[in-house]
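Inspection log for the structure reproduced underneath, given as structure tokens.
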Amino acid sequence: MIYFLVTRRNQHTIQNFLKSGDRRFCGRVKIILWENIKTLRHIQAGTFIFSDLDMLTPLQREVAAEIYQQLSSNYAHLTLLNNPNKVLLRYELLKKMYQLGINRFKAVLATEAFDSLRFPVFVREANRHTGSLTSLIHSVEELHKHIWVLDFLGYPLKDLLVIEYLKASIADGVYMKHSAFILGNRVMPRYLNYSYHWMMKSSIAAGDALMESKKDEVEAFMRNNPHNDWLLKNFQISGISYGRADYSIVNGELQLWEINLNPAFILPPREPEKDNNQQRMMRNMFYKQFFDEMERIDYQGNDIVNLGISESQLAKMKTTFAFRINEWFRRRLVKKKLRYRIMRATSYAIAYSFLRLRFKS
């Protein structure tokens, strides 16, 4: 049995894994919601994967750490991945990577001073996977205005990161992004994407000419896992044993962008003709390795785990109505559907109107 601990809003990632086409894990992989941890009071023993730690509040992460400690103390024979006491979230991770000289770019919280930053920069959420919330910003004054707008829209400043932009183009405006999973101690290449835009996601349009032209490079990356040692070292530094690293090569140096603690499993398009050739090849090669590793970590025993989950811990896992509304709004501000693009345009127009009034007065 393998358990994934996830938030309710993010459980679709594991649900997609279970729909991935290989049915062998149905009944052997189960989702436990952080919002429903009372399930852990009496449960069949298994491997426990602590994911979505970055989606939890500080109080909720304390509860997650207490659960991990109970499991590790009382059930030492079980495999536990992602110790909440050791995992570095995005801000701590990027700060550590810069301090160690691994990364050549700096990240600071929006509540910190900006005088040491090298422009241009961009702003993103510290613990969400929404990409950049701004275009490239070229001055401190411009940065303050963007942060004011985001604050107006409900983004807590303590949850925003200002990150120095590091140009990762390889030639002729082409950008390259690598990605690799870790499960236990095994690193597995996930994808190598090429794009003409600096902020890129994992999905690729069918017939993408740029990706088709890079067929040999993509296949070599997936087969050879060329950055295994570097990745394994950085996963160990981060305290992460389940997740996906996104990184690039910049001026001959590997640079780590982030590590996602609950990475998405992309389902094939319903229409085969929309399935990009390179995306399909990478998906198939990755899943073969991932399934093998899942078999290895699957716990086969039938013993029972009993944990002391208190009412106060259950209460900490609940969030306020205002928090949920704010989360709902922020998640939809970045979605691509027409109604959300209209909502985003309207929200930003209102925010910039207030900004102009503020700077006039």
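Letters A, B, ... go to the chains of the structure tokens in the order shown; residues in each chain start at 1; ligands are counted from 1 in the same order.
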Next on the checklist: So that I can see what lies close to Arg104 in chain A, please list as a list in words the residues with an atom at most 9 Å from it, counting only C-alpha atoms and leaving out residues fewer than 6 positions away in the same chain.
Outcome noted: Met97, Tyr98, Leu166, Glu253 and Gln255 of chain A
Within 10 Å of range 18-39 of chain A, which residues of range 199-286 of chain A show up? Give each one with its shortest atom-to-atom distance in Å (one decimal) and the two atoms involved, counting only C-alpha atoms, rows by chain then rising residue number, as a Markdown table.
| residue | atom | partner | partner_atom | distance |
| --- | --- | --- | --- | --- |
| A:Phe265 | CA | A:Ser20 | CA | 7.9 |
| A:Ile266 | CA | A:Ser20 | CA | 8.2 |
| A:Leu267 | CA | A:Ser20 | CA | 6.2 |
| A:Pro268 | CA | A:Ser20 | CA | 8.0 |
| A:Arg283 | CA | A:Ser20 | CA | 9.9 |
Quick one: write out the picked residues with N, CA and C atoms as a compact mmCIF listing (two decimals), in the first residue's frame?
# COMPACT_ATOMS: atom_id res chain seq x y z
N PHE A 265 0.72 14.84 -13.04
CA PHE A 265 0.83 13.76 -14.01
C PHE A 265 -0.11 14.13 -15.15
N ILE A 266 0.48 14.37 -16.32
CA ILE A 266 -0.30 14.85 -17.45
C ILE A 266 -0.91 13.67 -18.20
N LEU A 267 -2.24 13.68 -18.30
CA LEU A 267 -2.92 12.62 -19.04
C LEU A 267 -2.79 12.87 -20.54
N PRO A 268 -2.72 11.81 -21.33
CA PRO A 268 -2.69 11.99 -22.79
C PRO A 268 -3.97 12.69 -23.26
N ARG A 283 6.66 10.96 -21.93
CA ARG A 283 5.69 10.42 -20.96
C ARG A 283 5.85 8.93 -20.81
Item to check | Expected answer as a count of residues only: helix (DSSP H, G or I) residues in range 269-313 of chain A | outcome: 27
Item to check | For Gln69 in chain A: contacts at 9 Å, only C-alpha atoms, fewer than 5 positions along chain excluded, given as a PyMOL selection string | outcome: chain A and resi 64+74+83
Can those selected residues be exported to a file as an mmCIF file, in the first residue's frame so that it contains C-alpha atoms?
data_model
loop_
_atom_site.group_PDB
_atom_site.id
_atom_site.type_symbol
_atom_site.label_atom_id
_atom_site.label_comp_id
_atom_site.auth_asym_id
_atom_site.auth_seq_id
_atom_site.Cartn_x
_atom_site.Cartn_y
_atom_site.Cartn_z
ATOM 1 C CA ALA A 64 2.239 17.226 9.356
ATOM 2 C CA ASN A 74 6.568 3.919 16.168
ATOM 3 C CA ASN A 83 10.068 14.805 6.238
#
Item to check | Distance query range 307-324 of chain A at most 12 Å, only C-alpha atoms, self and fewer than 4 positions along chain excluded, as an MDAnalysis selection string | outcome: chainID A and resid 6:9 33:45 55:75 154:156 328:331
Counting only C-alpha atoms, which residues in range 132-182 of chain A sit no more than 9 Å from range 208-228 of chain A? For each one, give the nearest pair of atoms and the distance in Å, sorted by chain then residue number, as a tab-separated table.
residue	atom	partner	partner_atom	distance
A:Val174	CA	A:Leu210	CA	8.9
A:His178	CA	A:Phe221	CA	8.9
A:Ala180	CA	A:Asn225	CA	8.8
Checklist entry - Between A:Ala171, A:His12, A:Leu232, A:His144, which has the minimum distance to Thr111 in chain A (counting only C-alpha atoms)? => result A:His144
Checklist entry - Lys96 in chain A: which residues within 12 Å, counting only C-alpha atoms, same-chain residues fewer than 4 positions away excluded, as a list in words? => result Leu88, Leu89, Arg90, Tyr91, Glu92, Leu100, Gly101, Ile102, Asn103, Arg104, Phe105, Lys106, Ala107, Val108, Asn234, Ile237, Ser238, Gly239, Leu256 and Glu258 of chain A
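Our summary of the geometry notes that CA of Pro84 in chain A is positioned 16.8 Å from CA of Ala126 in chain A.
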Next on the checklist: Neighbouring residues of Ile240 in chain A were defined as those with any atom within 9 Å, considering only C-alpha atoms; residues of the same chain fewer than 6 positions away were excluded. Please report them as JSON, numbers by chain.
Outcome noted: {"A": [81, 82, 83, 86, 87, 88, 182, 184, 234, 259, 261]}
Checklist entry - as a PyMOL selection string, which residues of range 75-280 of chain A does DSSP assign to strand (DSSP E or B)? => result chain A and resi 80-81+107-109+121-125+132+137+160-164+169-171+174-183+186-195+242-250+253-260
Next on the checklist: Applying 12 Å and only C-alpha atoms, which residues near range 343-359 of chain A remain after dropping the ones on its own chain fewer than 6 positions away? List them as a PyMOL selection string.
Outcome noted: chain A and resi 133-134+141-142+144-154+329-337
For those residues, write N, CA and C atoms to a file as a PDB file, in the first residue's frame.
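To be explicit, this is the file written out as selection16.pdb:
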ATOM      1  N   LEU A 133       3.704  36.135 -11.938  1.00  0.00           N
ATOM      2  CA  LEU A 133       2.504  36.968 -11.838  1.00  0.00           C
ATOM      3  C   LEU A 133       2.700  38.305 -12.533  1.00  0.00           C
ATOM      4  N   THR A 134       3.908  38.566 -13.001  1.00  0.00           N
ATOM      5  CA  THR A 134       4.212  39.846 -13.651  1.00  0.00           C
ATOM      6  C   THR A 134       5.041  39.603 -14.908  1.00  0.00           C
ATOM      7  N   GLU A 141      11.076  51.155  -8.598  1.00  0.00           N
ATOM      8  CA  GLU A 141       9.800  51.859  -8.607  1.00  0.00           C
ATOM      9  C   GLU A 141       8.708  51.026  -9.265  1.00  0.00           C
ATOM     10  N   GLU A 142       9.049  50.437 -10.396  1.00  0.00           N
ATOM     11  CA  GLU A 142       8.098  49.568 -11.106  1.00  0.00           C
ATOM     12  C   GLU A 142       7.750  48.354 -10.252  1.00  0.00           C
ATOM     13  N   HIS A 144       7.704  48.144  -6.929  1.00  0.00           N
ATOM     14  CA  HIS A 144       6.801  48.549  -5.853  1.00  0.00           C
ATOM     15  C   HIS A 144       5.356  48.672  -6.360  1.00  0.00           C
ATOM     16  N   LYS A 145       5.177  49.171  -7.567  1.00  0.00           N
ATOM     17  CA  LYS A 145       3.826  49.306  -8.122  1.00  0.00           C
ATOM     18  C   LYS A 145       3.196  47.938  -8.364  1.00  0.00           C
ATOM     19  N   HIS A 146       3.966  46.998  -8.916  1.00  0.00           N
ATOM     20  CA  HIS A 146       3.440  45.648  -9.143  1.00  0.00           C
ATOM     21  C   HIS A 146       3.052  44.989  -7.820  1.00  0.00           C
ATOM     22  N   ILE A 147       3.885  45.157  -6.826  1.00  0.00           N
ATOM     23  CA  ILE A 147       3.599  44.529  -5.526  1.00  0.00           C
ATOM     24  C   ILE A 147       2.366  45.162  -4.891  1.00  0.00           C
ATOM     25  N   TRP A 148       2.205  46.478  -5.043  1.00  0.00           N
ATOM     26  CA  TRP A 148       1.011  47.142  -4.510  1.00  0.00           C
ATOM     27  C   TRP A 148      -0.239  46.572  -5.163  1.00  0.00           C
ATOM     28  N   VAL A 149      -0.201  46.379  -6.478  1.00  0.00           N
ATOM     29  CA  VAL A 149      -1.357  45.830  -7.202  1.00  0.00           C
ATOM     30  C   VAL A 149      -1.666  44.413  -6.714  1.00  0.00           C
ATOM     31  N   LEU A 150      -0.646  43.582  -6.573  1.00  0.00           N
ATOM     32  CA  LEU A 150      -0.860  42.207  -6.121  1.00  0.00           C
ATOM     33  C   LEU A 150      -1.404  42.181  -4.696  1.00  0.00           C
ATOM     34  N   ASP A 151      -0.912  43.069  -3.857  1.00  0.00           N
ATOM     35  CA  ASP A 151      -1.433  43.183  -2.493  1.00  0.00           C
ATOM     36  C   ASP A 151      -2.906  43.574  -2.527  1.00  0.00           C
ATOM     37  N   PHE A 152      -3.258  44.509  -3.382  1.00  0.00           N
ATOM     38  CA  PHE A 152      -4.648  44.946  -3.543  1.00  0.00           C
ATOM     39  C   PHE A 152      -5.538  43.789  -3.980  1.00  0.00           C
ATOM     40  N   LEU A 153      -5.000  42.899  -4.815  1.00  0.00           N
ATOM     41  CA  LEU A 153      -5.772  41.762  -5.324  1.00  0.00           C
ATOM     42  C   LEU A 153      -5.851  40.597  -4.328  1.00  0.00           C
ATOM     43  N   GLY A 154      -5.229  40.739  -3.173  1.00  0.00           N
ATOM     44  CA  GLY A 154      -5.379  39.722  -2.134  1.00  0.00           C
ATOM     45  C   GLY A 154      -4.211  38.785  -1.964  1.00  0.00           C
ATOM     46  N   PHE A 329     -10.147  32.776  -5.401  1.00  0.00           N
ATOM     47  CA  PHE A 329      -9.973  33.927  -6.289  1.00  0.00           C
ATOM     48  C   PHE A 329      -8.590  33.919  -6.931  1.00  0.00           C
ATOM     49  N   ARG A 330      -7.554  33.716  -6.124  1.00  0.00           N
ATOM     50  CA  ARG A 330      -6.189  33.757  -6.639  1.00  0.00           C
ATOM     51  C   ARG A 330      -5.922  32.625  -7.626  1.00  0.00           C
ATOM     52  N   ARG A 331      -6.472  31.459  -7.368  1.00  0.00           N
ATOM     53  CA  ARG A 331      -6.260  30.340  -8.305  1.00  0.00           C
ATOM     54  C   ARG A 331      -6.883  30.634  -9.661  1.00  0.00           C
ATOM     55  N   ARG A 332      -8.022  31.305  -9.662  1.00  0.00           N
ATOM     56  CA  ARG A 332      -8.721  31.560 -10.916  1.00  0.00           C
ATOM     57  C   ARG A 332      -8.176  32.763 -11.671  1.00  0.00           C
ATOM     58  N   LEU A 333      -7.452  33.616 -10.981  1.00  0.00           N
ATOM     59  CA  LEU A 333      -6.854  34.771 -11.660  1.00  0.00           C
ATOM     60  C   LEU A 333      -5.832  34.356 -12.714  1.00  0.00           C
ATOM     61  N   VAL A 334      -5.269  33.155 -12.581  1.00  0.00           N
ATOM     62  CA  VAL A 334      -4.202  32.740 -13.504  1.00  0.00           C
ATOM     63  C   VAL A 334      -4.675  31.709 -14.529  1.00  0.00           C
ATOM     64  N   LYS A 335      -5.948  31.326 -14.475  1.00  0.00           N
ATOM     65  CA  LYS A 335      -6.444  30.316 -15.408  1.00  0.00           C
ATOM     66  C   LYS A 335      -6.667  30.908 -16.797  1.00  0.00           C
ATOM     67  N   LYS A 336      -6.700  30.034 -17.809  1.00  0.00           N
ATOM     68  CA  LYS A 336      -6.702  30.494 -19.197  1.00  0.00           C
ATOM     69  C   LYS A 336      -8.087  30.551 -19.838  1.00  0.00           C
ATOM     70  N   LYS A 337      -9.099  29.967 -19.207  1.00  0.00           N
ATOM     71  CA  LYS A 337     -10.430  29.990 -19.808  1.00  0.00           C
ATOM     72  C   LYS A 337     -10.909  31.429 -19.946  1.00  0.00           C
TER      73      LYS A 337
END
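The space separating CA of Met281 in chain A from CA of Lys167 in chain A comes to 27.7 Å.
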